[in-house]
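See below for structure-v6.txt, which holds compact mmCIF, C-alpha atoms.
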```txt
# COMPACT_ATOMS: atom_id res chain seq x y z
CA MET B 1 21.23 -52.00 32.28
CA ASN B 2 17.57 -53.09 32.19
CA VAL B 3 16.04 -53.12 28.69
CA ILE B 4 12.67 -53.50 27.04
CA VAL B 5 13.08 -55.08 23.63
CA ASP B 6 10.82 -55.99 20.75
CA LEU B 7 12.13 -58.91 18.70
CA CYS B 8 10.97 -60.12 15.28
CA VAL B 9 13.03 -62.99 13.81
CA VAL B 10 12.41 -63.79 10.12
CA PRO B 11 14.00 -66.92 8.63
CA LEU B 12 14.71 -66.89 4.87
CA GLY B 13 15.02 -69.89 2.58
CA VAL B 14 12.46 -72.02 4.43
CA GLY B 15 9.22 -71.12 2.65
CA THR B 16 6.51 -68.78 3.84
CA SER B 17 5.56 -70.29 7.19
CA VAL B 18 7.70 -68.91 9.99
CA SER B 19 5.75 -69.90 13.13
CA LEU B 20 7.93 -72.98 13.80
CA TYR B 21 10.99 -70.73 14.02
CA VAL B 22 9.24 -68.10 16.12
CA ALA B 23 8.14 -70.84 18.52
CA GLU B 24 11.74 -72.08 18.76
CA CYS B 25 12.86 -68.55 19.68
CA HIS B 26 10.11 -68.37 22.28
CA LYS B 27 11.47 -71.54 23.89
CA VAL B 28 14.99 -70.07 23.93
CA LEU B 29 13.77 -66.86 25.56
CA THR B 30 11.73 -68.77 28.15
CA ARG B 31 14.63 -71.07 29.02
CA ALA B 32 16.75 -67.93 29.50
CA GLY B 33 14.30 -66.83 32.19
CA LEU B 34 13.26 -63.67 30.35
CA LYS B 35 9.85 -62.03 30.67
CA THR B 36 8.11 -62.14 27.27
CA HIS B 37 4.85 -61.19 25.58
CA LEU B 38 4.07 -62.57 22.14
CA HIS B 39 2.12 -60.35 19.72
CA ALA B 40 1.18 -60.50 16.06
CA TYR B 41 4.42 -58.97 14.76
CA GLY B 42 7.06 -59.92 17.31
CA THR B 43 7.78 -60.54 20.96
CA ASN B 44 8.25 -58.02 23.79
CA ILE B 45 11.12 -58.96 26.10
CA GLU B 46 12.21 -57.47 29.41
CA GLY B 47 15.51 -58.18 31.16
CA GLU B 48 19.17 -57.27 31.58
CA TYR B 49 20.95 -56.20 28.37
CA ASP B 50 23.55 -58.98 28.47
CA ALA B 51 20.99 -61.72 29.17
CA VAL B 52 18.61 -60.48 26.46
CA PHE B 53 21.27 -60.25 23.75
CA ALA B 54 22.83 -63.58 24.71
CA ALA B 55 19.36 -65.09 24.24
CA ILE B 56 18.85 -63.34 20.88
CA LYS B 57 22.18 -64.78 19.70
CA GLU B 58 20.98 -68.19 20.80
CA CYS B 59 17.72 -67.64 18.88
CA HIS B 60 19.70 -67.10 15.67
CA GLN B 61 21.80 -70.20 16.35
CA ALA B 62 18.66 -72.27 17.03
CA VAL B 63 16.87 -71.03 13.88
CA HIS B 64 19.93 -71.77 11.74
CA ALA B 65 20.13 -75.23 13.38
CA LEU B 66 16.50 -75.84 12.37
CA GLY B 67 17.54 -75.37 8.73
CA ALA B 68 17.18 -71.67 7.94
CA PRO B 69 20.27 -70.59 5.96
CA ARG B 70 19.56 -66.88 6.38
CA ILE B 71 17.84 -64.77 9.05
CA THR B 72 16.84 -61.11 9.12
CA THR B 73 15.72 -59.82 12.49
CA THR B 74 14.27 -56.52 13.63
CA ILE B 75 14.88 -55.35 17.19
CA LYS B 76 13.64 -52.31 19.09
CA LEU B 77 15.66 -51.57 22.21
CA GLY B 78 14.59 -49.15 24.95
CA THR B 79 16.58 -48.02 27.99
CA ARG B 80 15.98 -45.22 30.46
CA THR B 81 17.80 -43.78 33.44
CA ASP B 82 15.08 -41.43 34.72
CA ARG B 83 12.90 -44.15 36.23
CA GLU B 84 12.10 -47.87 36.22
CA GLN B 85 9.41 -48.99 33.81
CA SER B 86 8.09 -52.47 33.05
CA MET B 87 6.35 -53.68 29.89
CA GLU B 88 3.03 -53.58 31.76
CA ASP B 89 3.72 -50.00 32.90
CA LYS B 90 4.17 -48.91 29.27
CA VAL B 91 0.85 -50.36 28.15
CA GLN B 92 -0.98 -49.14 31.28
CA SER B 93 0.35 -45.62 30.80
CA VAL B 94 -1.27 -45.43 27.36
CA LYS B 95 -4.53 -47.00 28.60
CA ASP B 96 -4.70 -44.43 31.41
CA LYS B 97 -4.51 -41.63 28.85
CA LEU B 98 -7.19 -43.29 26.72
CA SER B 99 -9.60 -43.70 29.62
CA LYS B 100 -9.60 -39.97 30.40
CA PRO B 101 -12.41 -37.98 28.82
CA MET K 1 28.77 -65.57 14.18
CA ASN K 2 29.39 -62.73 11.71
CA VAL K 3 26.56 -60.20 11.50
CA ILE K 4 25.49 -57.27 9.39
CA VAL K 5 23.55 -54.80 11.48
CA ASP K 6 21.72 -51.54 10.92
CA LEU K 7 21.63 -49.32 13.99
CA CYS K 8 19.51 -46.23 14.64
CA VAL K 9 19.86 -44.75 18.13
CA VAL K 10 17.26 -42.10 19.11
CA PRO K 11 17.75 -40.15 22.37
CA LEU K 12 14.60 -38.78 24.05
CA GLY K 13 14.38 -35.84 26.41
CA VAL K 14 17.17 -33.84 24.78
CA GLY K 15 15.27 -31.80 22.20
CA THR K 16 15.01 -32.42 18.47
CA SER K 17 18.65 -32.47 17.40
CA VAL K 18 20.14 -35.93 17.68
CA SER K 19 23.35 -35.64 15.62
CA LEU K 20 25.57 -35.10 18.67
CA TYR K 21 24.42 -38.44 20.08
CA VAL K 22 24.73 -40.25 16.75
CA ALA K 23 28.28 -38.90 16.42
CA GLU K 24 29.08 -40.21 19.92
CA CYS K 25 27.83 -43.67 18.90
CA HIS K 26 29.95 -43.47 15.76
CA LYS K 27 33.03 -42.86 17.91
CA VAL K 28 32.16 -45.85 20.12
CA LEU K 29 31.74 -48.13 17.09
CA THR K 30 35.00 -46.92 15.54
CA ARG K 31 36.93 -47.41 18.77
CA ALA K 32 35.53 -50.95 18.90
CA GLY K 33 37.19 -51.60 15.54
CA LEU K 34 33.91 -52.26 13.73
CA LYS K 35 33.35 -51.62 10.03
CA THR K 36 30.64 -48.95 9.66
CA HIS K 37 28.78 -46.96 7.01
CA LEU K 38 26.73 -43.94 8.04
CA HIS K 39 23.54 -43.21 6.09
CA ALA K 40 20.60 -40.84 6.45
CA TYR K 41 18.59 -43.08 8.81
CA GLY K 42 21.18 -45.12 10.69
CA THR K 43 24.54 -46.85 10.50
CA ASN K 44 25.43 -50.16 8.85
CA ILE K 45 27.81 -52.24 10.98
CA GLU K 46 29.69 -55.42 10.19
CA GLY K 47 31.46 -57.65 12.72
CA GLU K 48 31.20 -60.50 15.19
CA TYR K 49 27.91 -60.71 17.12
CA ASP K 50 29.50 -60.33 20.56
CA ALA K 51 31.66 -57.35 19.54
CA VAL K 52 28.78 -55.58 17.80
CA PHE K 53 26.34 -55.94 20.69
CA ALA K 54 28.96 -55.03 23.28
CA ALA K 55 29.50 -51.83 21.27
CA ILE K 56 25.76 -51.13 21.01
CA LYS K 57 25.50 -51.45 24.81
CA GLU K 58 28.38 -48.99 25.10
CA CYS K 59 26.54 -46.62 22.72
CA HIS K 60 23.54 -46.58 25.07
CA GLN K 61 25.79 -45.98 28.07
CA ALA K 62 27.59 -43.13 26.26
CA VAL K 63 24.34 -41.47 25.13
CA HIS K 64 22.90 -41.67 28.66
CA ALA K 65 26.19 -40.23 29.98
CA LEU K 66 25.78 -37.29 27.56
CA GLY K 67 22.49 -36.47 29.29
CA ALA K 68 19.76 -38.40 27.47
CA PRO K 69 17.45 -39.92 30.08
CA ARG K 70 15.74 -42.23 27.59
CA ILE K 71 16.79 -43.96 24.39
CA THR K 72 14.83 -45.92 21.80
CA THR K 73 16.93 -47.77 19.26
CA THR K 74 16.05 -49.73 16.14
CA ILE K 75 18.33 -52.56 15.04
CA LYS K 76 18.21 -54.82 11.99
CA LEU K 77 20.33 -57.95 12.38
CA GLY K 78 21.28 -60.29 9.53
CA THR K 79 23.10 -63.61 9.73
CA ARG K 80 23.59 -66.34 7.15
CA THR K 81 25.20 -69.76 7.10
CA ASP K 82 25.01 -70.42 3.34
CA ARG K 83 27.84 -68.07 2.37
CA GLU K 84 29.94 -65.12 3.48
CA GLN K 85 28.64 -61.70 2.50
CA SER K 86 29.99 -58.24 3.30
CA MET K 87 28.10 -54.94 3.40
CA GLU K 88 29.67 -54.04 0.04
CA ASP K 89 28.59 -57.39 -1.44
CA LYS K 90 24.97 -56.66 -0.51
CA VAL K 91 24.94 -53.27 -2.23
CA GLN K 92 26.87 -54.56 -5.26
CA SER K 93 24.49 -57.47 -5.69
CA VAL K 94 21.56 -55.06 -6.11
CA LYS K 95 23.55 -52.77 -8.42
CA ASP K 96 24.44 -55.74 -10.62
CA LYS K 97 20.75 -56.53 -11.04
CA LEU K 98 19.99 -52.88 -11.82
CA SER K 99 22.68 -52.62 -14.50
CA LYS K 100 21.23 -55.52 -16.51
CA PRO K 101 18.86 -54.52 -19.29
CA MET R 1 4.16 -33.53 4.53
CA ASN R 2 7.78 -34.17 3.53
CA VAL R 3 9.24 -37.42 4.86
CA ILE R 4 12.56 -39.18 5.12
CA VAL R 5 12.05 -42.92 5.05
CA ASP R 6 14.22 -45.99 5.33
CA LEU R 7 12.80 -49.00 3.51
CA CYS R 8 13.86 -52.65 3.75
CA VAL R 9 11.68 -55.09 1.76
CA VAL R 10 12.21 -58.81 2.50
CA PRO R 11 10.49 -61.39 0.26
CA LEU R 12 9.72 -64.80 1.81
CA GLY R 13 9.27 -68.08 -0.01
CA VAL R 14 11.79 -67.32 -2.76
CA GLY R 15 15.02 -68.68 -1.28
CA THR R 16 17.82 -66.73 0.34
CA SER R 17 18.79 -64.29 -2.40
CA VAL R 18 16.77 -61.11 -2.23
CA SER R 19 18.74 -58.70 -4.44
CA LEU R 20 16.49 -59.25 -7.48
CA TYR R 21 13.49 -58.06 -5.46
CA VAL R 22 15.35 -55.14 -3.92
CA ALA R 23 16.43 -54.07 -7.41
CA GLU R 24 12.80 -54.24 -8.57
CA CYS R 25 11.79 -51.95 -5.70
CA HIS R 26 14.60 -49.59 -6.62
CA LYS R 27 13.17 -49.33 -10.14
CA VAL R 28 9.71 -48.61 -8.75
CA LEU R 29 11.05 -45.85 -6.50
CA THR R 30 13.10 -44.32 -9.32
CA ARG R 31 10.15 -44.37 -11.71
CA ALA R 32 8.12 -42.59 -9.00
CA GLY R 33 10.66 -39.75 -9.11
CA LEU R 34 11.75 -40.21 -5.52
CA LYS R 35 15.20 -39.38 -4.21
CA THR R 36 16.87 -42.58 -2.98
CA HIS R 37 20.13 -43.83 -1.48
CA LEU R 38 20.82 -47.56 -1.39
CA HIS R 39 22.79 -48.92 1.58
CA ALA R 40 23.66 -52.37 2.92
CA TYR R 41 20.43 -52.85 4.88
CA GLY R 42 17.81 -50.82 3.05
CA THR R 43 17.13 -47.71 1.01
CA ASN R 44 16.80 -44.11 2.20
CA ILE R 45 13.94 -42.29 0.46
CA GLU R 46 12.96 -38.62 0.51
CA GLY R 47 9.68 -37.19 -0.77
CA GLU R 48 6.07 -36.35 -0.03
CA TYR R 49 4.25 -38.80 2.26
CA ASP R 50 1.58 -39.75 -0.27
CA ALA R 51 4.07 -40.29 -3.11
CA VAL R 52 6.43 -42.34 -0.93
CA PHE R 53 3.71 -44.65 0.42
CA ALA R 54 2.07 -45.06 -2.98
CA ALA R 55 5.50 -46.20 -4.24
CA ILE R 56 6.00 -48.59 -1.29
CA LYS R 57 2.61 -50.15 -2.07
CA GLU R 58 3.73 -50.54 -5.68
CA CYS R 59 6.96 -52.18 -4.45
CA HIS R 60 4.93 -54.84 -2.62
CA GLN R 61 2.76 -55.40 -5.70
CA ALA R 62 5.85 -55.71 -7.93
CA VAL R 63 7.61 -58.14 -5.57
CA HIS R 64 4.48 -60.31 -5.32
CA ALA R 65 4.21 -60.18 -9.15
CA LEU R 66 7.81 -61.47 -9.37
CA GLY R 67 6.71 -64.57 -7.46
CA ALA R 68 7.17 -63.82 -3.75
CA PRO R 69 4.07 -65.10 -1.91
CA ARG R 70 4.91 -63.25 1.31
CA ILE R 71 6.74 -60.03 2.14
CA THR R 72 7.84 -58.52 5.43
CA THR R 73 9.06 -54.95 5.24
CA THR R 74 10.63 -52.62 7.77
CA ILE R 75 10.11 -48.87 7.43
CA LYS R 76 11.48 -45.96 9.42
CA LEU R 77 9.56 -42.74 8.89
CA GLY R 78 10.74 -39.30 9.95
CA THR R 79 8.85 -36.00 9.83
CA ARG R 80 9.58 -32.63 11.39
CA THR R 81 7.86 -29.28 11.53
CA ASP R 82 10.67 -27.24 13.11
CA ARG R 83 12.80 -27.02 9.97
CA GLU R 84 13.50 -28.53 6.57
CA GLN R 85 16.11 -31.26 6.46
CA SER R 86 17.31 -33.40 3.55
CA MET R 87 18.94 -36.83 3.69
CA GLU R 88 22.30 -35.17 2.97
CA ASP R 89 21.74 -32.68 5.81
CA LYS R 90 21.25 -35.53 8.26
CA VAL R 91 24.51 -37.25 7.32
CA GLN R 92 26.43 -33.95 7.15
CA SER R 93 25.19 -32.92 10.57
CA VAL R 94 26.76 -36.04 12.12
CA LYS R 95 29.98 -35.63 10.11
CA ASP R 96 30.28 -32.04 11.34
CA LYS R 97 30.13 -33.25 14.92
CA LEU R 98 32.71 -35.96 14.22
CA SER R 99 35.18 -33.52 12.63
CA LYS R 100 35.30 -31.30 15.72
CA PRO R 101 38.14 -32.04 18.12
CA MET Y 1 -4.12 -55.30 -0.45
CA ASN Y 2 -4.69 -56.42 3.15
CA VAL Y 3 -1.81 -55.69 5.50
CA ILE Y 4 -0.69 -56.48 9.02
CA VAL Y 5 1.38 -53.62 10.39
CA ASP Y 6 3.27 -52.89 13.57
CA LEU Y 7 3.50 -49.19 14.36
CA CYS Y 8 5.72 -47.41 16.90
CA VAL Y 9 5.48 -43.60 16.85
CA VAL Y 10 8.16 -41.72 18.84
CA PRO Y 11 7.81 -37.94 19.31
CA LEU Y 12 11.01 -35.94 19.83
CA GLY Y 13 11.35 -32.61 21.56
CA VAL Y 14 8.60 -33.23 24.11
CA GLY Y 15 10.52 -34.82 26.98
CA THR Y 16 10.69 -38.48 27.90
CA SER Y 17 7.03 -39.36 28.36
CA VAL Y 18 5.44 -40.47 25.11
CA SER Y 19 2.21 -42.16 26.26
CA LEU Y 20 0.06 -39.08 25.57
CA TYR Y 21 1.13 -39.16 21.92
CA VAL Y 22 0.73 -42.93 21.61
CA ALA Y 23 -2.80 -42.58 23.05
CA GLU Y 24 -3.57 -39.88 20.47
CA CYS Y 25 -2.44 -42.24 17.68
CA HIS Y 26 -4.61 -44.97 19.16
CA LYS Y 27 -7.63 -42.67 18.91
CA VAL Y 28 -6.80 -41.88 15.28
CA LEU Y 29 -6.51 -45.58 14.40
CA THR Y 30 -9.76 -46.42 16.21
CA ARG Y 31 -11.65 -43.59 14.50
CA ALA Y 32 -10.32 -44.95 11.18
CA GLY Y 33 -12.08 -48.24 11.95
CA LEU Y 34 -8.87 -50.25 12.00
CA LYS Y 35 -8.35 -53.39 14.07
CA THR Y 36 -5.59 -52.74 16.61
CA HIS Y 37 -3.72 -54.42 19.45
CA LEU Y 38 -1.57 -52.33 21.77
CA HIS Y 39 1.62 -53.91 23.17
CA ALA Y 40 4.62 -52.69 25.13
CA TYR Y 41 6.60 -51.51 22.10
CA GLY Y 42 4.01 -50.53 19.52
CA THR Y 43 0.60 -51.30 18.08
CA ASN Y 44 -0.42 -54.12 15.73
CA ILE Y 45 -2.82 -52.93 13.02
CA GLU Y 46 -4.81 -54.88 10.45
CA GLY Y 47 -6.58 -53.39 7.43
CA GLU Y 48 -6.37 -52.30 3.83
CA TYR Y 49 -3.05 -50.72 2.80
CA ASP Y 50 -4.57 -47.36 1.79
CA ALA Y 51 -6.66 -47.04 4.95
CA VAL Y 52 -3.76 -48.01 7.23
CA PHE Y 53 -1.28 -45.58 5.70
CA ALA Y 54 -3.82 -42.76 5.54
CA ALA Y 55 -4.30 -43.30 9.29
CA ILE Y 56 -0.55 -43.36 9.96
CA LYS Y 57 -0.23 -40.03 8.13
CA GLU Y 58 -3.02 -38.69 10.32
CA CYS Y 59 -1.17 -39.96 13.42
CA HIS Y 60 1.89 -37.90 12.45
CA GLN Y 61 -0.30 -34.85 11.84
CA ALA Y 62 -2.04 -35.30 15.20
CA VAL Y 63 1.23 -35.76 17.12
CA HIS Y 64 2.73 -32.65 15.49
CA ALA Y 65 -0.50 -30.78 16.34
CA LEU Y 66 -0.05 -31.81 20.00
CA GLY Y 67 3.29 -30.00 19.99
CA ALA Y 68 5.93 -32.52 18.91
CA PRO Y 69 8.25 -30.81 16.41
CA ARG Y 70 9.86 -34.05 15.26
CA ILE Y 71 8.69 -37.67 14.99
CA THR Y 72 10.54 -40.87 14.20
CA THR Y 73 8.34 -43.88 13.58
CA THR Y 74 9.10 -47.54 13.02
CA ILE Y 75 6.72 -49.62 10.92
CA LYS Y 76 6.71 -53.32 10.07
CA LEU Y 77 4.51 -54.17 7.08
CA GLY Y 78 3.44 -57.68 6.12
CA THR Y 79 1.52 -58.78 3.02
CA ARG Y 80 0.90 -62.22 1.56
CA THR Y 81 -0.82 -63.60 -1.51
CA ASP Y 82 -0.72 -67.29 -0.61
CA ARG Y 83 -3.49 -67.15 1.99
CA GLU Y 84 -5.47 -64.89 4.29
CA GLN Y 85 -4.09 -64.45 7.79
CA SER Y 86 -5.33 -62.30 10.66
CA MET Y 87 -3.33 -60.95 13.60
CA GLU Y 88 -4.94 -63.62 15.81
CA ASP Y 89 -3.98 -66.35 13.31
CA LYS Y 90 -0.33 -65.31 13.54
CA VAL Y 91 -0.23 -65.52 17.34
CA GLN Y 92 -2.27 -68.75 17.42
CA SER Y 93 0.03 -70.38 14.88
CA VAL Y 94 3.02 -69.88 17.19
CA LYS Y 95 1.05 -71.02 20.27
CA ASP Y 96 0.03 -74.20 18.46
CA LYS Y 97 3.69 -75.01 17.82
CA LEU Y 98 4.55 -74.29 21.46
CA SER Y 99 1.81 -76.55 22.82
CA LYS Y 100 3.13 -79.60 20.96
CA PRO Y 101 5.46 -81.81 22.96
```
Can the structure in the file be given as structure tokens, please?
Amino acid sequence: MNVIVDLCVVPLGVGTSVSLYVAECHKVLTRAGLKTHLHAYGTNIEGEYDAVFAAIKECHQAVHALGAPRITTTIKLGTRTDREQSMEDKVQSVKDKLSKP
Amino acid sequence: MNVIVDLCVVPLGVGTSVSLYVAECHKVLTRAGLKTHLHAYGTNIEGEYDAVFAAIKECHQAVHALGAPRITTTIKLGTRTDREQSMEDKVQSVKDKLSKP
Amino acid sequence: MNVIVDLCVVPLGVGTSVSLYVAECHKVLTRAGLKTHLHAYGTNIEGEYDAVFAAIKECHQAVHALGAPRITTTIKLGTRTDREQSMEDKVQSVKDKLSKP
Amino acid sequence: MNVIVDLCVVPLGVGTSVSLYVAECHKVLTRAGLKTHLHAYGTNIEGEYDAVFAAIKECHQAVHALGAPRITTTIKLGTRTDREQSMEDKVQSVKDKLSKP
């Protein structure tokens, strides 16, 4: 099952700067061979369900290992059976609509 | 890794009533032996990471099998290493604060 | 525009215990006269759009005033024009489906 | 109160293609003068709280007007009092961490 996911990992108990932990997650996702796109409030991920959620588990383990005693994460998860669709397709589809008069 | 999760599965392409699909997910989660609490905008789930996310995958498969060609799901995922905490603990902790003058 | 909302306010920079801040938000929502239901990963809210989002703004102001320098909040927002539906209706609709053989 | 928001509007009851409705929201946000960045699972928005949530209300009204009888939206909302931070700052901060050996 191919999925498009949006992931936002928030460590608690480590002050207000979270970029170190987000960067660590990015390394985990990259090592897992997943396609990613970083934005200002999370990371888009594309891949197989099992690979994506194994990597998200590893993100939590890595962020705890870096010293965060608590983590709250928000995930959006999209699947479809009617057709294949990549992350780029989703963005392009909206841009196509916007470019029409 | 024990997790507390909030799950909101939204089927697309099947009209505006989604309760049939939410009920199907509830059955999947119950069969998986997970602790759940249904509320007005999702379901709280408590369990081991691997069991919870295997069940969520099965929810998507079951909702597609019921005829939904597309699904968008929102998940909140909490883990902590500082102490154990159940779903009931979380609610009680807020109620304790509210009951103080 | 009537809305059903799910609100989860997470203060950063104040350690790992967040119940004090969630309780403060609960007081703000109650004072605003909104219908609420507290669960293990957030609060269901029902009311008019403007009243609900004025109260959520006040929640952020109150949590900052309590000492949290950063807040990240997750909100689900539902509206419909086909029929009226309360928070209780949503839960009951799923329970009805579950009780059928 | 300056906010960074992530918005994902999902119309129900209009089939599986949602890009038309996302494009309509994009037009609403642009007309409102808000800074936006479209990604594969939502739109980052930066602006004043009141302006952003007035625009999100208008998005729901516009999507209903286009024929969607039900909408479920996911919003992430970030505020901070310790320092100013733009959407670009957030992404750059993670990239800086990633570029260090």
Could you do a least-squares fit of chain R on chain B over every C-alpha atom, in sequence order, and give the output as a compact mmCIF listing (two decimals) with C-alpha atoms, in the coordinates of the input?
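Contents of selection_8.txt, as written:
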```txt
# COMPACT_ATOMS: atom_id res chain seq x y z
CA MET R 1 21.23 -52.02 32.28
CA ASN R 2 17.58 -53.08 32.17
CA VAL R 3 16.05 -53.13 28.69
CA ILE R 4 12.69 -53.50 27.04
CA VAL R 5 13.08 -55.08 23.63
CA ASP R 6 10.83 -55.99 20.75
CA LEU R 7 12.13 -58.91 18.70
CA CYS R 8 10.96 -60.12 15.28
CA VAL R 9 13.03 -62.99 13.81
CA VAL R 10 12.41 -63.79 10.11
CA PRO R 11 14.01 -66.92 8.62
CA LEU R 12 14.71 -66.90 4.86
CA GLY R 13 15.03 -69.89 2.58
CA VAL R 14 12.48 -72.03 4.43
CA GLY R 15 9.24 -71.13 2.65
CA THR R 16 6.53 -68.78 3.84
CA SER R 17 5.58 -70.28 7.19
CA VAL R 18 7.69 -68.91 10.00
CA SER R 19 5.75 -69.90 13.13
CA LEU R 20 7.93 -72.97 13.81
CA TYR R 21 11.00 -70.74 14.03
CA VAL R 22 9.25 -68.10 16.11
CA ALA R 23 8.14 -70.83 18.52
CA GLU R 24 11.74 -72.07 18.76
CA CYS R 25 12.87 -68.55 19.68
CA HIS R 26 10.12 -68.36 22.27
CA LYS R 27 11.49 -71.52 23.89
CA VAL R 28 14.99 -70.06 23.93
CA LEU R 29 13.78 -66.86 25.57
CA THR R 30 11.72 -68.76 28.15
CA ARG R 31 14.62 -71.06 29.01
CA ALA R 32 16.75 -67.92 29.51
CA GLY R 33 14.29 -66.81 32.20
CA LEU R 34 13.26 -63.67 30.36
CA LYS R 35 9.86 -62.04 30.66
CA THR R 36 8.12 -62.15 27.26
CA HIS R 37 4.86 -61.18 25.58
CA LEU R 38 4.06 -62.58 22.14
CA HIS R 39 2.11 -60.35 19.74
CA ALA R 40 1.16 -60.48 16.06
CA TYR R 41 4.41 -58.97 14.77
CA GLY R 42 7.06 -59.91 17.31
CA THR R 43 7.79 -60.55 20.97
CA ASN R 44 8.25 -58.03 23.78
CA ILE R 45 11.13 -58.97 26.09
CA GLU R 46 12.21 -57.48 29.41
CA GLY R 47 15.51 -58.17 31.17
CA GLU R 48 19.16 -57.27 31.57
CA TYR R 49 20.95 -56.21 28.37
CA ASP R 50 23.54 -58.98 28.47
CA ALA R 51 20.98 -61.73 29.17
CA VAL R 52 18.60 -60.48 26.46
CA PHE R 53 21.28 -60.26 23.75
CA ALA R 54 22.84 -63.58 24.71
CA ALA R 55 19.36 -65.09 24.24
CA ILE R 56 18.84 -63.34 20.87
CA LYS R 57 22.17 -64.78 19.69
CA GLU R 58 20.97 -68.20 20.81
CA CYS R 59 17.72 -67.64 18.88
CA HIS R 60 19.70 -67.09 15.67
CA GLN R 61 21.80 -70.20 16.35
CA ALA R 62 18.66 -72.28 17.02
CA VAL R 63 16.87 -71.04 13.88
CA HIS R 64 19.94 -71.77 11.74
CA ALA R 65 20.14 -75.24 13.39
CA LEU R 66 16.50 -75.85 12.37
CA GLY R 67 17.54 -75.38 8.74
CA ALA R 68 17.18 -71.67 7.94
CA PRO R 69 20.27 -70.59 5.97
CA ARG R 70 19.55 -66.87 6.39
CA ILE R 71 17.83 -64.77 9.04
CA THR R 72 16.84 -61.12 9.12
CA THR R 73 15.72 -59.82 12.48
CA THR R 74 14.27 -56.52 13.63
CA ILE R 75 14.89 -55.35 17.19
CA LYS R 76 13.65 -52.32 19.08
CA LEU R 77 15.65 -51.56 22.20
CA GLY R 78 14.59 -49.18 24.95
CA THR R 79 16.58 -48.02 27.98
CA ARG R 80 15.98 -45.22 30.45
CA THR R 81 17.80 -43.79 33.43
CA ASP R 82 15.08 -41.45 34.72
CA ARG R 83 12.90 -44.17 36.22
CA GLU R 84 12.09 -47.87 36.22
CA GLN R 85 9.40 -48.99 33.82
CA SER R 86 8.08 -52.47 33.05
CA MET R 87 6.35 -53.68 29.88
CA GLU R 88 3.03 -53.57 31.76
CA ASP R 89 3.71 -49.99 32.89
CA LYS R 90 4.17 -48.90 29.28
CA VAL R 91 0.84 -50.36 28.15
CA GLN R 92 -0.98 -49.13 31.27
CA SER R 93 0.35 -45.63 30.82
CA VAL R 94 -1.28 -45.41 27.37
CA LYS R 95 -4.52 -46.99 28.61
CA ASP R 96 -4.70 -44.42 31.41
CA LYS R 97 -4.51 -41.63 28.86
CA LEU R 98 -7.18 -43.28 26.71
CA SER R 99 -9.61 -43.69 29.63
CA LYS R 100 -9.61 -39.96 30.42
CA PRO R 101 -12.42 -37.98 28.84
```
Enter the distance from atom CA of Arg70 of chain K to atom CA of Asn2 of chain K, in Å, rounded to one decimal. 29.3 Å
Work out how far apart atom CA of Val5 of chain Y and atom CA of Ile75 of chain Y are and give it in Å to one decimal. 6.7 Å
Return as CSV the residues of chain K lying at most 7 Å from chain B, together with the closest atom-to-atom pair for each and the distance in Å to one decimal, counting all atoms listed in the file, with rows in chain order and ascending residue number.
```
residue,atom,partner,partner_atom,distance
K:Pro69,CA,B:Thr81,CA,5.1
K:Arg70,CA,B:Arg80,CA,4.2
K:Ile71,CA,B:Thr79,CA,5.4
K:Thr72,CA,B:Gly78,CA,4.5
K:Thr73,CA,B:Leu77,CA,5.0
K:Thr74,CA,B:Lys76,CA,4.6
K:Ile75,CA,B:Ile75,CA,4.9
K:Lys76,CA,B:Thr74,CA,4.6
K:Leu77,CA,B:Thr73,CA,5.0
K:Gly78,CA,B:Thr72,CA,4.5
K:Thr79,CA,B:Ile71,CA,5.4
K:Arg80,CA,B:Arg70,CA,4.1
K:Thr81,CA,B:Pro69,CA,5.1
K:Asp82,CA,B:Pro69,CA,5.4
```
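In this model, the gap between atom CA of Glu58 of chain R and atom CA of Leu38 of chain K comes to 27.6 Å.
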Test item: axis-aligned box, all listed atoms of segment 57-71 of chain Y, 3 Å on each side, centre and edges in Å rounded to one decimal, as AutoDock Vina command-line options:
```
--center_x 3.4 --center_y -35.0 --center_z 14.1 --size_x 18.9 --size_y 16.0 --size_z 17.9
```
Which is closer to Val22 of chain B than all the others in Y:Val52, Y:Ala62, Y:Lys100, Y:Val91, using all atoms listed in the file? Y:Val91
Residues within 8 Å of Cys59 of chain R, please, as a ChimeraX atom specification. Count all atoms listed in the file; anything in the same chain fewer than 2 positions from it doesn't count. /R:24-25,28-29,55-57,61-63
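Candidate residues B:Thr30, B:Gln92, B:Ser19, B:Gln85 were compared for distance to Ala51 of chain B, and the nearest is B:Thr30, using all atoms listed in the file.
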